[in-house]
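Inspection log for the structure reproduced underneath, given as structure tokens.
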Amino acid sequence: EKGGYETFMEKEIHDQPQAVQDTLLGRMDAAGTLVLDELRIDPEELKAVNKIIVLACGTSAYAGTVAKYAIEHWCRIPVEVELSHEFRYRDPIIDPNTLVVSISQSGETMDTLMAVRYAKEQGARTVSICNTNGSTIPRESDAVLYTHAGPEIAVASTKAFLAQITAAYLLGLYLAQLNKKLFSGQIKDILADLHAIPGKIQEILDDKEQVKELARSMADTSSVLFLGRNVGYPVAMEGALKLKELAYIHAEGFAAGELKHGPIALIDDGQAVFVVMPSPMDRHSLHAKVVSNIQEVRARGARTFVVAERGDQAVRSHAEVVIEVPETQPMLMPLLTTVPLQIFALELASAKGYDVDQPRNLAKSVTVE
Ligand code: M6R
């Protein structure tokens with residue numbers, strides 16, 4: 001059942017090309033138009049949506065943050081991402097033109113379920129992005145967009161995360177298509193790049209020895225920081241969460257722009273810092289800003305491990321170690337940059353002799369508040 005792998009987590013990391021491919025499957029017609037049949041909300045109602053609130057917890061909330069960047073960029077609809085348990089207990093402003101998108105692998109997370117119920121009571125339309133057929137959250141939502149990652153057994157989420165991001169992109173592109181915010185040619189180009197992602201994830205998996213070696217060499221590390229910007233920010237958060245969950249190492253993810261606002265005080269000799277590089281093609285020139293961040297932390301003694309695109313020559317002379325991923329368009333990078341961080345956490349935890357499928361103190365689905 002582990003498909004020849006030693007752990008479910010390792011298998012599920014290797015399932016990721018398939019998980020993304022299956023999530024894309026059957027969602028386009030012959031003309032290349034996106035068809036999301038499952039989204040049974042009247043298209044006129046969807047066109048009237050003027051605010052989106054994404055509700056989720058943990059890793060699924062990081063997928064939600066990627067969704068925010070993509071949907072705002074493609075659809076020009078404001079998107080808020082909120083942890084389900086925080087959302088319920090403030091006085092959120094919701095009306096019938098608010099679309100609430102919940103993201104949950106299990107579909108049974110109590111915090112998210114209660115938040116969705118609350119949003120419905122307040123009159124919002126609700127869509128669930130979910131990996132578990134027939135689970136409670138999709139049943140209680142107006143519509144569901146299933147991720148087709150297959151059952152995820154390991155407590156730490158991996159393939160469900162990439163499938164959630166994929167589904168969120170599809171939702172964003174669908175709304176952009178409906179509202180004519182992108183030309184059909186632009187949507188087709190993004191979809192073509194999405195369809196190329198599984199092969200690129202496979203390339204990362206086929207070339208993972210460098211990351212595994214790095215992880216093994218760091219088994220005694222007591223703290224690791226992760227920096228990222230834009231869509232790389234939630235990836236940094238996810239890299240840190242995986243390390244906490246699996247290797248019980250203190251880890252923190254930051255938006256790289258925050259560094260000077262506090263976290264740089266943590267840097268001293270030997271501090272390990274992972275950096276998720278933005279694309280050199282990023283339209284806001286974030287690349288140069290993150291290169292400066294690398295210089296700033298290195299000057300204070302940090303060890304820098306940089307996840308960057310293969311063609312990113314500019315970062316090479318600045319980083320101690322460069323971990324390459326194939327190229328794609330800036331918005332889609334999380335589907336690639338996440339993978340080395342998952343492998344790193346898995347390998348480091350294994351080197352420490354921990355049970356990666358059942359980390360201490362955690363449950364696969366959190367069905368209590
Ligand atoms: O089933 P859900 O997606 O609703 O679960 C949400 C979180 O509990 C989950 O992502 C958790 O953070 C994982 N242990 C992450 O690896």
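Letters A, B, ... go to the chains of the structure tokens in the order shown; residues in each chain start at 1; ligands are counted from 1 in the same order.
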
- Task: Determine which residues of region 32-172 of chain A DSSP labels as alpha helix (DSSP H) from the backbone of this structure, then write them out as a PyMOL selection string.
- Result: chain A and resi 43-47+58-75+84-87+110-121+136-140+159-172

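Once Lys200 (chain A) and its same-chain neighbours fewer than 3 positions away are set aside, Ala196, Ile197, Glu203, Ile204, Val325, Pro326 and Leu336 of chain A remain within 8 Å of it when counting only C-alpha atoms.
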
- Do a neighbour search on Glu324 (chain A) at 7 Å with only C-alpha atoms, toss out local chain neighbours closer than 2 positions, and write the hits as an MDAnalysis selection string. chainID A and resid 307:310 322 326

Store the residues of this selection in a file with N, CA, C and O atoms, as a PDB file, in the first residue's frame.
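The resulting file, out_25.pdb, is reproduced below:
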ATOM      1  N   VAL A 307      16.068  28.167  -2.883  1.00  0.00           N
ATOM      2  CA  VAL A 307      15.301  27.431  -3.892  1.00  0.00           C
ATOM      3  C   VAL A 307      15.024  28.411  -5.030  1.00  0.00           C
ATOM      4  O   VAL A 307      14.344  29.422  -4.837  1.00  0.00           O
ATOM      5  N   ALA A 308      15.572  28.124  -6.202  1.00  0.00           N
ATOM      6  CA  ALA A 308      15.479  29.083  -7.306  1.00  0.00           C
ATOM      7  C   ALA A 308      15.264  28.361  -8.627  1.00  0.00           C
ATOM      8  O   ALA A 308      15.548  27.166  -8.750  1.00  0.00           O
ATOM      9  N   GLU A 309      14.788  29.119  -9.601  1.00  0.00           N
ATOM     10  CA  GLU A 309      14.614  28.543 -10.935  1.00  0.00           C
ATOM     11  C   GLU A 309      15.949  28.198 -11.561  1.00  0.00           C
ATOM     12  O   GLU A 309      16.936  28.904 -11.353  1.00  0.00           O
ATOM     13  N   ARG A 310      15.915  27.165 -12.358  1.00  0.00           N
ATOM     14  CA  ARG A 310      17.120  26.684 -13.025  1.00  0.00           C
ATOM     15  C   ARG A 310      17.854  27.812 -13.771  1.00  0.00           C
ATOM     16  O   ARG A 310      19.063  27.901 -13.739  1.00  0.00           O
ATOM     17  N   VAL A 322      22.367  26.417  -3.860  1.00  0.00           N
ATOM     18  CA  VAL A 322      21.196  26.688  -4.697  1.00  0.00           C
ATOM     19  C   VAL A 322      20.510  25.365  -5.012  1.00  0.00           C
ATOM     20  O   VAL A 322      21.152  24.412  -5.444  1.00  0.00           O
ATOM     21  N   PRO A 326      12.596  23.518 -12.016  1.00  0.00           N
ATOM     22  CA  PRO A 326      12.353  23.946 -13.401  1.00  0.00           C
ATOM     23  C   PRO A 326      11.612  25.284 -13.451  1.00  0.00           C
ATOM     24  O   PRO A 326      11.017  25.721 -12.460  1.00  0.00           O
TER      25      PRO A 326
END

- Message: Report as a VMD selection string all protein, DNA and RNA residues lying within 6 Å of Thr367 (chain A), evaluated on only C-alpha atoms, omitting residues in the same chain fewer than 2 positions from it.
- Response: chain A and resid 109 to 110 365

Requested write-out: N, CA and C atoms of the selected residues, as a CSV table (one decimal), in the first residue's frame:
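What landed in selection-v4.csv:
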chain,number,residue,atom,x,y,z
A,109,THR,N,-12.6,19.0,9.2
A,109,THR,CA,-11.9,19.9,10.2
A,109,THR,C,-13.0,20.8,10.9
A,110,MET,N,-13.2,20.6,12.2
A,110,MET,CA,-14.3,21.2,12.9
A,110,MET,C,-14.3,22.7,12.8
A,365,SER,N,-7.0,14.3,11.1
A,365,SER,CA,-8.0,15.4,10.9
A,365,SER,C,-8.5,15.9,12.3

Using 6 Å as the limit and counting only C-alpha atoms and all ligand atoms, can you tabulate each residue of chain A that touches ligand 1, with its shortest atom-to-atom distance in Å and the two atoms involved, as a Markdown table?
| residue | atom | partner | partner_atom_place_in_ligand_line | distance |
| --- | --- | --- | --- | --- |
| A:Cys57 | CA | ligand 1 | 6 (C) | 4.6 |
| A:Gly58 | CA | ligand 1 | 12 (O) | 3.3 |
| A:Thr59 | CA | ligand 1 | 10 (O) | 3.8 |
| A:Ser60 | CA | ligand 1 | 10 (O) | 4.8 |
| A:Ser104 | CA | ligand 1 | 3 (O) | 3.4 |
| A:Gln105 | CA | ligand 1 | 3 (O) | 3.6 |
| A:Ser106 | CA | ligand 1 | 1 (O) | 3.6 |
| A:Gly107 | CA | ligand 1 | 1 (O) | 5.7 |
| A:Thr109 | CA | ligand 1 | 4 (O) | 4.6 |
| A:Val155 | CA | ligand 1 | 14 (N) | 5.4 |
| A:Ala156 | CA | ligand 1 | 16 (O) | 3.4 |
| A:Ser157 | CA | ligand 1 | 16 (O) | 3.9 |
| A:Ser365 | CA | ligand 1 | 1 (O) | 5.4 |
| A:Val366 | CA | ligand 1 | 8 (O) | 5.8 |

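Within the 9 Å cut-off around Pro334 (chain A), using only C-alpha atoms and omitting residues fewer than 3 positions from it on the same chain, the listed residues are Val66, Leu162, Ile165, Val231, Gly232, Pro234, Val235, Pro330, Met331, Thr337, Thr338 and Val339 of chain A.
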
With all heavy atoms retained, could you export that selection as a PDB file, in the first residue's frame?
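Writing done, so here's result.pdb:
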ATOM      1  N   VAL A  66      -1.878  31.288  -1.402  1.00  0.00           N
ATOM      2  CA  VAL A  66      -1.490  31.253  -2.821  1.00  0.00           C
ATOM      3  C   VAL A  66      -2.702  31.659  -3.673  1.00  0.00           C
ATOM      4  O   VAL A  66      -2.591  32.458  -4.616  1.00  0.00           O
ATOM      5  CB  VAL A  66      -0.981  29.847  -3.236  1.00  0.00           C
ATOM      6  CG1 VAL A  66      -0.686  29.812  -4.736  1.00  0.00           C
ATOM      7  CG2 VAL A  66       0.262  29.448  -2.440  1.00  0.00           C
ATOM      8  N   LEU A 162      -0.571  20.522  -2.925  1.00  0.00           N
ATOM      9  CA  LEU A 162      -0.383  20.896  -4.338  1.00  0.00           C
ATOM     10  C   LEU A 162      -1.691  20.799  -5.110  1.00  0.00           C
ATOM     11  O   LEU A 162      -1.974  21.621  -5.993  1.00  0.00           O
ATOM     12  CB  LEU A 162       0.687  20.019  -5.002  1.00  0.00           C
ATOM     13  CG  LEU A 162       2.125  20.142  -4.501  1.00  0.00           C
ATOM     14  CD1 LEU A 162       3.111  19.641  -5.566  1.00  0.00           C
ATOM     15  CD2 LEU A 162       2.519  21.544  -4.098  1.00  0.00           C
ATOM     16  N   ILE A 165      -3.799  23.888  -4.342  1.00  0.00           N
ATOM     17  CA  ILE A 165      -3.325  25.068  -5.074  1.00  0.00           C
ATOM     18  C   ILE A 165      -3.795  24.971  -6.529  1.00  0.00           C
ATOM     19  O   ILE A 165      -4.276  25.950  -7.113  1.00  0.00           O
ATOM     20  CB  ILE A 165      -1.785  25.171  -4.991  1.00  0.00           C
ATOM     21  CG1 ILE A 165      -1.350  25.442  -3.551  1.00  0.00           C
ATOM     22  CG2 ILE A 165      -1.252  26.251  -5.916  1.00  0.00           C
ATOM     23  CD1 ILE A 165       0.159  25.403  -3.334  1.00  0.00           C
ATOM     24  N   VAL A 231       3.899  34.860  -3.893  1.00  0.00           N
ATOM     25  CA  VAL A 231       3.478  33.458  -3.729  1.00  0.00           C
ATOM     26  C   VAL A 231       4.541  32.595  -3.045  1.00  0.00           C
ATOM     27  O   VAL A 231       4.244  31.482  -2.603  1.00  0.00           O
ATOM     28  CB  VAL A 231       3.054  32.797  -5.067  1.00  0.00           C
ATOM     29  CG1 VAL A 231       1.704  33.299  -5.515  1.00  0.00           C
ATOM     30  CG2 VAL A 231       4.106  32.985  -6.148  1.00  0.00           C
ATOM     31  N   GLY A 232       5.756  33.106  -2.929  1.00  0.00           N
ATOM     32  CA  GLY A 232       6.791  32.370  -2.199  1.00  0.00           C
ATOM     33  C   GLY A 232       6.632  32.488  -0.689  1.00  0.00           C
ATOM     34  O   GLY A 232       7.226  31.710   0.063  1.00  0.00           O
ATOM     35  N   PRO A 234       3.686  32.096   1.267  1.00  0.00           N
ATOM     36  CA  PRO A 234       3.055  30.891   1.823  1.00  0.00           C
ATOM     37  C   PRO A 234       3.902  29.635   1.668  1.00  0.00           C
ATOM     38  O   PRO A 234       3.828  28.727   2.519  1.00  0.00           O
ATOM     39  CB  PRO A 234       1.737  30.764   1.056  1.00  0.00           C
ATOM     40  CG  PRO A 234       1.797  31.736  -0.072  1.00  0.00           C
ATOM     41  CD  PRO A 234       2.795  32.782   0.300  1.00  0.00           C
ATOM     42  N   VAL A 235       4.731  29.565   0.652  1.00  0.00           N
ATOM     43  CA  VAL A 235       5.615  28.394   0.505  1.00  0.00           C
ATOM     44  C   VAL A 235       6.617  28.367   1.671  1.00  0.00           C
ATOM     45  O   VAL A 235       6.896  27.311   2.244  1.00  0.00           O
ATOM     46  CB  VAL A 235       6.359  28.417  -0.856  1.00  0.00           C
ATOM     47  CG1 VAL A 235       7.401  27.303  -0.941  1.00  0.00           C
ATOM     48  CG2 VAL A 235       5.361  28.312  -2.008  1.00  0.00           C
ATOM     49  N   PRO A 330       5.602  32.975 -12.958  1.00  0.00           N
ATOM     50  CA  PRO A 330       5.750  33.328 -11.543  1.00  0.00           C
ATOM     51  C   PRO A 330       4.591  32.850 -10.661  1.00  0.00           C
ATOM     52  O   PRO A 330       4.814  32.333  -9.564  1.00  0.00           O
ATOM     53  CB  PRO A 330       5.831  34.854 -11.572  1.00  0.00           C
ATOM     54  CG  PRO A 330       6.432  35.170 -12.903  1.00  0.00           C
ATOM     55  CD  PRO A 330       5.926  34.122 -13.850  1.00  0.00           C
ATOM     56  N   MET A 331       3.351  32.990 -11.135  1.00  0.00           N
ATOM     57  CA  MET A 331       2.208  32.645 -10.287  1.00  0.00           C
ATOM     58  C   MET A 331       2.133  31.154  -9.967  1.00  0.00           C
ATOM     59  O   MET A 331       1.553  30.756  -8.964  1.00  0.00           O
ATOM     60  CB  MET A 331       0.925  33.117 -11.004  1.00  0.00           C
ATOM     61  CG  MET A 331      -0.262  33.303 -10.119  1.00  0.00           C
ATOM     62  SD  MET A 331       0.077  34.374  -8.708  1.00  0.00           S
ATOM     63  CE  MET A 331      -0.110  35.973  -9.444  1.00  0.00           C
ATOM     64  N   THR A 337       8.304  25.023  -6.056  1.00  0.00           N
ATOM     65  CA  THR A 337       9.242  25.389  -4.974  1.00  0.00           C
ATOM     66  C   THR A 337       8.918  24.687  -3.650  1.00  0.00           C
ATOM     67  O   THR A 337       9.788  24.547  -2.792  1.00  0.00           O
ATOM     68  CB  THR A 337       9.261  26.917  -4.753  1.00  0.00           C
ATOM     69  OG1 THR A 337       7.925  27.387  -4.646  1.00  0.00           O
ATOM     70  CG2 THR A 337       9.946  27.629  -5.911  1.00  0.00           C
ATOM     71  N   THR A 338       7.651  24.251  -3.488  1.00  0.00           N
ATOM     72  CA  THR A 338       7.282  23.545  -2.257  1.00  0.00           C
ATOM     73  C   THR A 338       7.977  22.188  -2.138  1.00  0.00           C
ATOM     74  O   THR A 338       8.302  21.743  -1.034  1.00  0.00           O
ATOM     75  CB  THR A 338       5.746  23.305  -2.241  1.00  0.00           C
ATOM     76  OG1 THR A 338       5.089  24.569  -2.337  1.00  0.00           O
ATOM     77  CG2 THR A 338       5.296  22.604  -0.977  1.00  0.00           C
ATOM     78  N   VAL A 339       8.175  21.537  -3.286  1.00  0.00           N
ATOM     79  CA  VAL A 339       8.594  20.129  -3.266  1.00  0.00           C
ATOM     80  C   VAL A 339       9.949  19.901  -2.570  1.00  0.00           C
ATOM     81  O   VAL A 339      10.049  19.023  -1.700  1.00  0.00           O
ATOM     82  CB  VAL A 339       8.546  19.541  -4.700  1.00  0.00           C
ATOM     83  CG1 VAL A 339       8.971  18.075  -4.707  1.00  0.00           C
ATOM     84  CG2 VAL A 339       7.139  19.703  -5.289  1.00  0.00           C
TER      85      VAL A 339
END

- Message: For a test of reading the model, state the distance in Å between CA of Asp207 (chain A) and CA of Thr304 (chain A), rounded to one decimal.
- Response: 20.0 Å

- Message: Using DSSP assignments from the backbone, pull out every residue in region 193-285 of chain A that falls under strand (DSSP E) and give it to me as an NGL selection string.
- Response: :A and (223-228 or 250-255 or 272-276)
